[in-house]
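Just model-v1.txt here, compact mmCIF, C-alpha atoms:
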```txt
# COMPACT_ATOMS: atom_id res chain seq x y z
CA MET A 1 -16.83 6.85 13.60
CA GLU A 2 -13.29 6.97 14.98
CA ALA A 3 -10.26 4.78 14.28
CA LEU A 4 -7.12 4.31 16.36
CA ILE A 5 -3.69 3.65 14.84
CA ILE A 6 -0.94 2.70 17.30
CA SER A 7 2.62 2.94 16.02
CA ALA A 8 6.06 4.40 16.71
CA ASP A 9 9.23 5.50 14.88
CA ASN A 10 10.37 3.26 12.02
CA PHE A 11 6.87 2.22 11.02
CA GLU A 12 6.48 0.85 7.50
CA ASP A 13 5.32 4.08 5.87
CA SER A 14 2.78 2.67 3.40
CA GLU A 15 1.23 0.40 6.04
CA LEU A 16 0.41 3.43 8.16
CA LEU A 17 -0.37 5.99 5.43
CA VAL A 18 -2.60 3.82 3.23
CA PRO A 19 -5.04 2.87 6.05
CA TYR A 20 -4.82 6.44 7.43
CA TYR A 21 -5.87 8.04 4.13
CA ARG A 22 -8.35 5.26 3.28
CA LEU A 23 -10.24 5.60 6.55
CA LYS A 24 -10.31 9.40 6.18
CA GLU A 25 -11.63 9.01 2.63
CA ALA A 26 -14.62 7.18 4.15
CA GLY A 27 -15.20 10.00 6.66
CA VAL A 28 -13.65 8.18 9.64
CA LYS A 29 -11.77 10.35 12.14
CA VAL A 30 -8.31 8.85 12.64
CA THR A 31 -6.24 9.19 15.82
CA VAL A 32 -2.56 8.25 15.78
CA ALA A 33 -1.23 7.21 19.18
CA SER A 34 2.37 6.55 20.13
CA LEU A 35 4.72 6.43 23.10
CA LYS A 36 5.15 10.20 23.17
CA ARG A 37 3.63 13.25 21.54
CA GLY A 38 5.18 15.13 18.63
CA THR A 39 5.78 13.18 15.44
CA ILE A 40 6.84 9.68 14.50
CA THR A 41 9.04 9.02 11.46
CA GLY A 42 8.66 6.05 9.16
CA LYS A 43 11.44 3.87 7.74
CA GLN A 44 11.17 5.79 4.45
CA GLY A 45 11.12 9.18 6.18
CA TYR A 46 7.45 10.16 6.29
CA GLU A 47 6.59 12.16 9.42
CA VAL A 48 3.19 11.62 11.00
CA ALA A 49 1.76 13.77 13.79
CA VAL A 50 0.97 11.95 17.04
CA ASP A 51 -2.47 12.94 18.33
CA LYS A 52 -2.29 11.15 21.69
CA THR A 53 0.11 9.17 23.82
CA ILE A 54 -1.06 5.60 24.34
CA ASP A 55 -1.55 6.47 28.04
CA GLU A 56 -4.12 9.07 27.01
CA VAL A 57 -6.12 6.61 24.88
CA ASN A 58 -9.54 5.38 25.97
CA PRO A 59 -10.17 2.39 23.67
CA ASP A 60 -13.94 2.78 24.10
CA ASP A 61 -13.73 5.92 21.91
CA TYR A 62 -12.75 3.93 18.83
CA ALA A 63 -14.51 1.53 16.47
CA ILE A 64 -11.31 -0.08 15.14
CA LEU A 65 -7.64 -0.55 16.00
CA VAL A 66 -5.04 -0.54 13.19
CA LEU A 67 -1.51 -1.87 13.80
CA PRO A 68 0.93 -1.07 10.96
CA GLY A 69 4.23 -2.92 10.61
CA GLY A 70 7.87 -1.98 10.22
CA LYS A 71 10.08 -1.85 13.29
CA ALA A 72 7.54 0.08 15.36
CA PRO A 73 5.78 -3.02 16.80
CA THR A 74 9.07 -4.11 18.45
CA VAL A 75 8.79 -1.03 20.65
CA VAL A 76 5.00 -0.87 20.98
CA ARG A 77 4.73 -4.51 22.15
CA GLN A 78 6.79 -3.63 25.24
CA GLU A 79 4.20 -1.11 26.42
CA PRO A 80 1.67 -2.66 28.86
CA LYS A 81 -0.88 0.06 28.03
CA ALA A 82 -0.70 -0.83 24.30
CA LEU A 83 -1.41 -4.49 25.12
CA GLU A 84 -4.28 -3.43 27.38
CA ILE A 85 -5.80 -1.36 24.54
CA ALA A 86 -5.53 -4.28 22.10
CA THR A 87 -7.11 -6.60 24.66
CA SER A 88 -10.00 -4.20 25.12
CA PHE A 89 -10.79 -4.35 21.38
CA PHE A 90 -10.79 -8.16 21.47
CA VAL A 91 -12.95 -8.35 24.60
CA ARG A 92 -15.56 -6.10 22.95
CA ASN A 93 -15.22 -7.94 19.61
CA LYS A 94 -14.29 -4.73 17.77
CA PRO A 95 -12.18 -4.95 14.58
CA VAL A 96 -8.40 -5.13 14.92
CA ALA A 97 -6.45 -4.84 11.65
CA ALA A 98 -2.76 -5.77 11.89
CA ILE A 99 -0.28 -6.04 9.01
CA CYS A 100 3.30 -7.26 8.59
CA HIS A 101 4.99 -6.96 12.01
CA GLY A 102 1.81 -5.46 13.51
CA PRO A 103 0.58 -8.86 14.82
CA GLN A 104 3.62 -8.96 17.16
CA ILE A 105 1.69 -6.60 19.44
CA LEU A 106 -1.18 -9.10 19.56
CA ILE A 107 1.27 -11.93 20.25
CA SER A 108 2.67 -10.04 23.26
CA ALA A 109 -0.88 -9.39 24.44
CA GLY A 110 -1.58 -13.14 24.28
CA LEU A 111 -4.53 -12.61 21.97
CA LEU A 112 -3.75 -14.98 19.09
CA LYS A 113 -4.16 -18.42 20.68
CA GLY A 114 -6.36 -20.52 18.39
CA ARG A 115 -6.94 -17.60 16.02
CA ARG A 116 -6.42 -17.81 12.27
CA ALA A 117 -3.94 -15.14 11.25
CA THR A 118 -1.10 -14.13 8.95
CA CYS A 119 1.93 -11.85 9.27
CA TYR A 120 5.25 -10.91 7.69
CA MET A 121 7.31 -13.97 6.66
CA SER A 122 9.95 -13.49 9.38
CA VAL A 123 7.23 -13.34 12.09
CA THR A 124 5.57 -16.67 11.22
CA ASP A 125 7.49 -18.83 13.74
CA GLU A 126 6.67 -16.49 16.55
CA LEU A 127 3.02 -16.37 15.48
CA LYS A 128 2.75 -20.16 15.48
CA LYS A 129 4.45 -20.44 18.88
CA ALA A 130 1.83 -18.02 20.20
CA GLY A 131 -0.79 -20.60 19.25
CA ALA A 132 -2.13 -18.94 16.12
CA ILE A 133 -3.19 -20.92 13.06
CA TYR A 134 -0.91 -19.38 10.41
CA GLU A 135 -2.18 -18.97 6.85
CA ASP A 136 -0.07 -17.72 3.95
CA GLN A 137 -2.80 -15.52 2.41
CA GLU A 138 -2.93 -11.85 1.42
CA VAL A 139 -5.56 -11.35 4.11
CA VAL A 140 -6.97 -13.58 6.84
CA VAL A 141 -10.21 -12.64 8.58
CA ASP A 142 -11.11 -14.45 11.81
CA ALA A 143 -14.12 -12.80 13.46
CA ASN A 144 -12.89 -9.33 14.55
CA LEU A 145 -9.29 -9.99 13.53
CA ILE A 146 -7.95 -8.90 10.11
CA THR A 147 -4.30 -9.67 9.31
CA SER A 148 -2.08 -9.29 6.24
CA ARG A 149 1.53 -10.08 5.37
CA GLN A 150 3.09 -7.08 3.66
CA PRO A 151 2.54 -3.79 1.75
CA ALA A 152 1.52 -5.61 -1.46
CA ASP A 153 -1.45 -7.02 0.49
CA LEU A 154 -2.81 -3.55 1.33
CA PRO A 155 -5.66 -3.67 -1.24
CA ALA A 156 -7.05 -6.91 0.29
CA PHE A 157 -6.29 -5.70 3.83
CA MET A 158 -8.23 -2.48 3.35
CA ARG A 159 -11.08 -4.19 1.48
CA GLU A 160 -11.72 -6.50 4.46
CA THR A 161 -11.14 -3.72 6.98
CA MET A 162 -13.72 -1.44 5.34
CA LYS A 163 -16.12 -4.39 5.09
CA GLN A 164 -15.90 -5.00 8.86
CA LEU A 165 -16.71 -1.33 9.43
CA ARG A 166 -19.60 -1.61 6.94
CA LEU A 167 -18.10 1.31 4.97
CA MET B 1 -11.81 -1.83 -15.39
CA GLU B 2 -8.24 -0.65 -15.91
CA ALA B 3 -6.40 2.43 -14.64
CA LEU B 4 -3.24 4.03 -15.97
CA ILE B 5 -0.69 5.78 -13.75
CA ILE B 6 2.03 7.74 -15.55
CA SER B 7 5.06 8.70 -13.49
CA ALA B 8 8.87 8.57 -13.33
CA ASP B 9 11.71 8.58 -10.79
CA ASN B 10 11.32 10.95 -7.84
CA PHE B 11 7.54 10.64 -7.71
CA GLU B 12 5.91 11.66 -4.42
CA ASP B 13 5.62 8.17 -2.96
CA SER B 14 2.25 8.50 -1.19
CA GLU B 15 0.66 10.19 -4.21
CA LEU B 16 1.45 7.16 -6.33
CA LEU B 17 1.01 4.37 -3.75
CA VAL B 18 -2.28 5.53 -2.21
CA PRO B 19 -4.18 5.69 -5.55
CA TYR B 20 -2.42 2.49 -6.68
CA TYR B 21 -3.57 0.48 -3.66
CA ARG B 22 -6.98 2.19 -3.50
CA LEU B 23 -7.84 1.33 -7.09
CA LYS B 24 -6.66 -2.26 -6.60
CA GLU B 25 -8.81 -2.50 -3.45
CA ALA B 26 -11.82 -1.77 -5.67
CA GLY B 27 -10.79 -4.49 -8.14
CA VAL B 28 -9.36 -2.14 -10.75
CA LYS B 29 -6.32 -3.40 -12.68
CA VAL B 30 -3.58 -0.77 -12.44
CA THR B 31 -0.86 -0.24 -15.05
CA VAL B 32 2.16 1.92 -14.21
CA ALA B 33 3.77 3.49 -17.27
CA SER B 34 7.02 5.42 -17.39
CA LEU B 35 9.81 6.46 -19.77
CA LYS B 36 11.51 3.10 -19.57
CA ARG B 37 10.82 -0.37 -18.20
CA GLY B 38 12.23 -1.70 -14.93
CA THR B 39 11.36 0.20 -11.77
CA ILE B 40 10.90 3.82 -10.77
CA THR B 41 11.98 5.07 -7.35
CA GLY B 42 10.08 7.63 -5.31
CA LYS B 43 11.54 10.58 -3.39
CA GLN B 44 11.20 8.54 -0.18
CA GLY B 45 12.74 5.44 -1.73
CA TYR B 46 9.77 3.25 -2.62
CA GLU B 47 10.38 1.20 -5.78
CA VAL B 48 7.47 0.58 -8.10
CA ALA B 49 7.54 -1.83 -11.06
CA VAL B 50 6.94 -0.27 -14.48
CA ASP B 51 4.45 -2.33 -16.48
CA LYS B 52 4.76 -0.46 -19.77
CA THR B 53 6.73 2.31 -21.39
CA ILE B 54 4.53 5.27 -22.33
CA ASP B 55 5.25 4.44 -25.97
CA GLU B 56 3.56 1.05 -25.45
CA VAL B 57 0.40 2.58 -23.95
CA ASN B 58 -2.88 2.57 -25.82
CA PRO B 59 -5.02 5.07 -23.87
CA ASP B 60 -8.22 3.41 -25.11
CA ASP B 61 -7.41 0.46 -22.81
CA TYR B 62 -7.92 2.53 -19.66
CA ALA B 63 -10.90 4.06 -17.87
CA ILE B 64 -8.85 6.63 -15.93
CA LEU B 65 -5.48 8.39 -15.96
CA VAL B 66 -3.76 9.17 -12.63
CA LEU B 67 -0.89 11.67 -12.48
CA PRO B 68 0.98 11.66 -9.13
CA GLY B 69 3.26 14.54 -8.11
CA GLY B 70 6.81 14.92 -6.87
CA LYS B 71 9.56 15.67 -9.36
CA ALA B 72 8.38 13.06 -11.85
CA PRO B 73 6.03 15.40 -13.79
CA THR B 74 9.03 17.65 -14.69
CA VAL B 75 10.33 14.76 -16.77
CA VAL B 76 7.02 13.29 -17.94
CA ARG B 77 5.78 16.66 -19.29
CA GLN B 78 8.65 16.68 -21.80
CA GLU B 79 7.44 13.46 -23.44
CA PRO B 80 5.17 14.13 -26.45
CA LYS B 81 3.60 10.66 -26.10
CA ALA B 82 2.61 11.41 -22.47
CA LEU B 83 0.87 14.61 -23.58
CA GLU B 84 -0.84 12.72 -26.39
CA ILE B 85 -2.16 10.15 -23.89
CA ALA B 86 -3.49 12.87 -21.56
CA THR B 87 -5.16 14.60 -24.52
CA SER B 88 -6.84 11.35 -25.53
CA PHE B 89 -8.46 11.07 -22.07
CA PHE B 90 -9.77 14.64 -22.32
CA VAL B 91 -11.09 14.18 -25.85
CA ARG B 92 -13.03 11.11 -24.74
CA ASN B 93 -14.15 12.82 -21.49
CA LYS B 94 -12.59 10.06 -19.36
CA PRO B 95 -11.48 10.86 -15.78
CA VAL B 96 -8.02 12.36 -15.27
CA ALA B 97 -6.90 12.65 -11.64
CA ALA B 98 -3.81 14.82 -11.06
CA ILE B 99 -2.31 15.81 -7.72
CA CYS B 100 0.43 18.19 -6.55
CA HIS B 101 2.86 18.64 -9.49
CA GLY B 102 0.83 16.19 -11.60
CA PRO B 103 -1.19 18.99 -13.28
CA GLN B 104 2.08 20.23 -14.88
CA ILE B 105 1.68 17.45 -17.44
CA LEU B 106 -1.79 18.77 -18.31
CA ILE B 107 -0.39 22.32 -18.56
CA SER B 108 2.21 21.16 -21.09
CA ALA B 109 -0.51 19.37 -23.04
CA GLY B 110 -2.50 22.64 -23.17
CA LEU B 111 -5.52 21.00 -21.56
CA LEU B 112 -6.29 23.39 -18.69
CA LYS B 113 -7.51 26.52 -20.46
CA GLY B 114 -10.77 27.63 -18.82
CA ARG B 115 -10.80 24.60 -16.52
CA ARG B 116 -11.25 24.83 -12.76
CA ALA B 117 -8.30 23.14 -11.09
CA THR B 118 -5.89 23.10 -8.18
CA CYS B 119 -2.26 22.04 -7.72
CA TYR B 120 0.73 22.26 -5.39
CA MET B 121 1.29 25.78 -4.06
CA SER B 122 4.47 26.38 -6.08
CA VAL B 123 2.69 25.40 -9.32
CA THR B 124 -0.20 27.91 -8.99
CA ASP B 125 1.37 30.71 -11.10
CA GLU B 126 2.07 28.34 -13.93
CA LEU B 127 -1.43 26.90 -13.69
CA LYS B 128 -3.03 30.35 -13.92
CA LYS B 129 -0.79 31.34 -16.85
CA ALA B 130 -2.03 28.23 -18.64
CA GLY B 131 -5.53 29.69 -18.43
CA ALA B 132 -6.88 27.54 -15.59
CA ILE B 133 -9.22 28.89 -12.93
CA TYR B 134 -7.22 28.14 -9.80
CA GLU B 135 -9.03 27.17 -6.58
CA ASP B 136 -7.32 26.62 -3.24
CA GLN B 137 -9.38 23.55 -2.27
CA GLU B 138 -8.46 20.02 -1.18
CA VAL B 139 -10.06 18.74 -4.36
CA VAL B 140 -11.52 20.45 -7.43
CA VAL B 141 -13.73 18.51 -9.81
CA ASP B 142 -14.45 20.02 -13.25
CA ALA B 143 -16.23 17.48 -15.45
CA ASN B 144 -13.65 14.71 -16.11
CA LEU B 145 -10.82 16.55 -14.32
CA ILE B 146 -10.02 15.87 -10.64
CA THR B 147 -7.16 17.83 -9.08
CA SER B 148 -5.71 18.12 -5.57
CA ARG B 149 -2.88 20.09 -3.95
CA GLN B 150 -0.80 17.75 -1.80
CA PRO B 151 -0.59 14.40 0.07
CA ALA B 152 -2.88 15.61 2.90
CA ASP B 153 -5.64 15.97 0.28
CA LEU B 154 -5.47 12.29 -0.72
CA PRO B 155 -8.69 11.30 1.12
CA ALA B 156 -10.74 13.91 -0.81
CA PHE B 157 -8.82 13.20 -4.03
CA MET B 158 -9.56 9.47 -3.85
CA ARG B 159 -13.17 10.01 -2.75
CA GLU B 160 -13.89 12.06 -5.89
CA THR B 161 -11.83 9.76 -8.10
CA MET B 162 -13.75 6.68 -6.99
CA LYS B 163 -17.02 8.58 -7.42
CA GLN B 164 -16.17 9.37 -11.05
CA LEU B 165 -15.49 5.69 -11.65
CA ARG B 166 -18.78 4.84 -9.88
CA LEU B 167 -16.84 2.53 -7.51
```

Write-out of the structure in structure tokens:
Amino acid sequence: MEALIISADNFEDSELLVPYYRLKEAGVKVTVASLKRGTITGKQGYEVAVDKTIDEVNPDDYAILVLPGGKAPTVVRQEPKALEIATSFFVRNKPVAAICHGPQILISAGLLKGRRATCYMSVTDELKKAGAIYEDQEVVVDANLITSRQPADLPAFMRETMKQLRL
Amino acid sequence: MEALIISADNFEDSELLVPYYRLKEAGVKVTVASLKRGTITGKQGYEVAVDKTIDEVNPDDYAILVLPGGKAPTVVRQEPKALEIATSFFVRNKPVAAICHGPQILISAGLLKGRRATCYMSVTDELKKAGAIYEDQEVVVDANLITSRQPADLPAFMRETMKQLRL
């Protein structure tokens, strides 16, 4: 099984690293995709190797899409190919796990209308305007969509994510 | 089930946060103990709340001891009560999971003689001098003792840790 994480510089370090290590623990191969190759650096300074540019990604290769937060989604949401990848996961009903500012990418892709979801506190207005049904919960699961608010929610976020993957 | 993490300022952030969130994901209550109450700050700047001072810890309350790395073990290993706690886990054959510089605490407690173990590269000489059988592996399990070398080993480290807890 393979997982895809899409992020960029200034990601929230724990929101990328915790899912990254957790999926690997379960034997999942994890690919990190970003705008360019090399490394991306988190807000706290962790460097993560980029395996593929988003242009090189074929979403059909992956069982799940993970969207960490931080400031990275501000950049990622402006990339049409990133929105296309997210859309592909929704169309095929494959799990998409987004935390904190991660849901902003799904907002830009127009994927949250009528969906139950949560996000970082400062993103809630935007989420509601996009037509989502906002819930202030540590994790909200709506069919293929798993969302959480912040790093402290990572245990619940990963519990539901692993459940969707039947791992 | 309850887990005990002992650390201090300048811990390696991912080596504390990944086990912390992973154990919570599995429903384990996690207590962070340090030299004083308040918060401890990792090398990368993450702040973690201290639940108890090490003097307040009763090791019998916990099923497992986790010792993250970074520069924290340099300080923790000088605390007689920390060494006493580690010894108590060994005497009762309860799991002790130490990564990176974490095994330094077990060296100071004199607990590694004849034990198979690994650690961060720069700690290997000290580990061998303490009588341990050093192995350059992502994770080494010797009865109750689980050791790993570095953050990249966290998936294997957590896989074996959860296995010992039958979670």

Select from chain B every residue with an atom at most 6 Å from any atom of chain A, then for each give the shortest pair of atoms and their distance in Å to one decimal, using only C-alpha atoms, rows by chain and rising number, as CSV.
```
residue,atom,partner,partner_atom,distance
B:Val18,CA,A:Val18,CA,5.7
B:Tyr21,CA,A:Pro155,CA,5.2
B:Lys24,CA,A:Pro155,CA,5.6
B:Glu25,CA,A:Pro155,CA,4.0
B:Gln44,CA,A:Gln44,CA,5.4
B:Pro155,CA,A:Glu25,CA,4.0
B:Arg159,CA,A:Glu25,CA,5.7
```

Check your understanding: For the atom pair CA of Pro73 (chain B) and CA of Ala130 (chain B), what is the interatomic distance in Å to one decimal place?
Key -> 15.9 Å

Taking (-3.7, -1.4, 21.2) in the file's coordinates, which residues come within 7 Å, counting all atoms listed in the file, written as an mmCIF file with C-alpha atoms, in the frame of the given file?
```cif
data_model
loop_
_atom_site.group_PDB
_atom_site.id
_atom_site.type_symbol
_atom_site.label_atom_id
_atom_site.label_comp_id
_atom_site.auth_asym_id
_atom_site.auth_seq_id
_atom_site.Cartn_x
_atom_site.Cartn_y
_atom_site.Cartn_z
ATOM 1 C CA ILE A 6 -0.940 2.700 17.300
ATOM 2 C CA LEU A 65 -7.640 -0.550 16.000
ATOM 3 C CA ALA A 82 -0.700 -0.830 24.300
ATOM 4 C CA LEU A 83 -1.410 -4.490 25.120
ATOM 5 C CA GLU A 84 -4.280 -3.430 27.380
ATOM 6 C CA ILE A 85 -5.800 -1.360 24.540
ATOM 7 C CA ALA A 86 -5.530 -4.280 22.100
#
```

Check your understanding: With distances taken over only C-alpha atoms, which of A:Val139, A:Val30, A:Val76, A:Ala132 is nearest to Cys100 (chain A)?
Key -> A:Val139

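If you measure from each of B:Val91, B:Val50, B:Leu16, B:Ala98 to Val140 (chain B) using only C-alpha atoms, the closest one turns out to be B:Ala98.
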
Would you mind listing what lies within 6 Å of Pro95 (chain A) as a CSV table (one decimal) with C-alpha atoms, keeping the file's coordinate frame, with all atoms listed in the file counted and same-chain residues fewer than 3 positions away left out?
```
chain,number,residue,atom,x,y,z
A,64,ILE,CA,-11.3,-0.1,15.1
A,144,ASN,CA,-12.9,-9.3,14.6
A,145,LEU,CA,-9.3,-10.0,13.5
```

Counting all atoms listed in the file, find the residues whose atoms lie at most 12 Å from (-9.1, -3.7, 24.6) (file coordinates) and write them out as a PDB file with C-alpha atoms, in the frame of the given file.
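Result saved to result35.pdb:
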```pdb
ATOM      1  CA  LEU A   4      -7.120   4.310  16.360  1.00  0.00           C
ATOM      2  CA  VAL A  57      -6.120   6.610  24.880  1.00  0.00           C
ATOM      3  CA  ASN A  58      -9.540   5.380  25.970  1.00  0.00           C
ATOM      4  CA  PRO A  59     -10.170   2.390  23.670  1.00  0.00           C
ATOM      5  CA  ASP A  60     -13.940   2.780  24.100  1.00  0.00           C
ATOM      6  CA  ASP A  61     -13.730   5.920  21.910  1.00  0.00           C
ATOM      7  CA  TYR A  62     -12.750   3.930  18.830  1.00  0.00           C
ATOM      8  CA  ALA A  63     -14.510   1.530  16.470  1.00  0.00           C
ATOM      9  CA  ILE A  64     -11.310  -0.080  15.140  1.00  0.00           C
ATOM     10  CA  LEU A  65      -7.640  -0.550  16.000  1.00  0.00           C
ATOM     11  CA  PRO A  80       1.670  -2.660  28.860  1.00  0.00           C
ATOM     12  CA  LYS A  81      -0.880   0.060  28.030  1.00  0.00           C
ATOM     13  CA  ALA A  82      -0.700  -0.830  24.300  1.00  0.00           C
ATOM     14  CA  LEU A  83      -1.410  -4.490  25.120  1.00  0.00           C
ATOM     15  CA  GLU A  84      -4.280  -3.430  27.380  1.00  0.00           C
ATOM     16  CA  ILE A  85      -5.800  -1.360  24.540  1.00  0.00           C
ATOM     17  CA  ALA A  86      -5.530  -4.280  22.100  1.00  0.00           C
ATOM     18  CA  THR A  87      -7.110  -6.600  24.660  1.00  0.00           C
ATOM     19  CA  SER A  88     -10.000  -4.200  25.120  1.00  0.00           C
ATOM     20  CA  PHE A  89     -10.790  -4.350  21.380  1.00  0.00           C
ATOM     21  CA  PHE A  90     -10.790  -8.160  21.470  1.00  0.00           C
ATOM     22  CA  VAL A  91     -12.950  -8.350  24.600  1.00  0.00           C
ATOM     23  CA  ARG A  92     -15.560  -6.100  22.950  1.00  0.00           C
ATOM     24  CA  ASN A  93     -15.220  -7.940  19.610  1.00  0.00           C
ATOM     25  CA  LYS A  94     -14.290  -4.730  17.770  1.00  0.00           C
ATOM     26  CA  PRO A  95     -12.180  -4.950  14.580  1.00  0.00           C
ATOM     27  CA  VAL A  96      -8.400  -5.130  14.920  1.00  0.00           C
ATOM     28  CA  LEU A 106      -1.180  -9.100  19.560  1.00  0.00           C
ATOM     29  CA  ALA A 109      -0.880  -9.390  24.440  1.00  0.00           C
ATOM     30  CA  LEU A 111      -4.530 -12.610  21.970  1.00  0.00           C
TER      31      LEU A 111
END
```

Edge lengths and centre in Å to one decimal, as JSON, is what I'm after for the box along x, y and z that holds all listed atoms of region 116-120 of chain A once 8 Å is added on each side.
```
{"center_x": -0.6, "center_y": -14.4, "center_z": 10.0, "size_x": 27.7, "size_y": 22.9, "size_z": 20.6}
```

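Between CA of Lys36 (chain B) and CA of His101 (chain B) there is a distance of 20.4 Å.
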
Review point. Within 7 Å of Phe11 (chain A), counting only C-alpha atoms, which residues qualify if same-chain residues fewer than 4 places away don't, as a list in words?
Key: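 Surrounding residues, per the criterion: Ser7, Gly42, Lys43, Pro68, Gly69, Gly70, Lys71 and Ala72 of chain A.
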
Check your understanding: Which polymer residues have any atom within 12 Å of an atom of Ser122 (chain B), counting all atoms listed in the file, with same-chain residues fewer than 4 positions away left out, as a list in words?
Key ->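 Near neighbours after the sequence-gap exclusion: Gly70, Cys100, His101, Pro103, Gln104, Thr118, Glu126, Leu127, Lys128, Arg149 and Gln150 of chain B.
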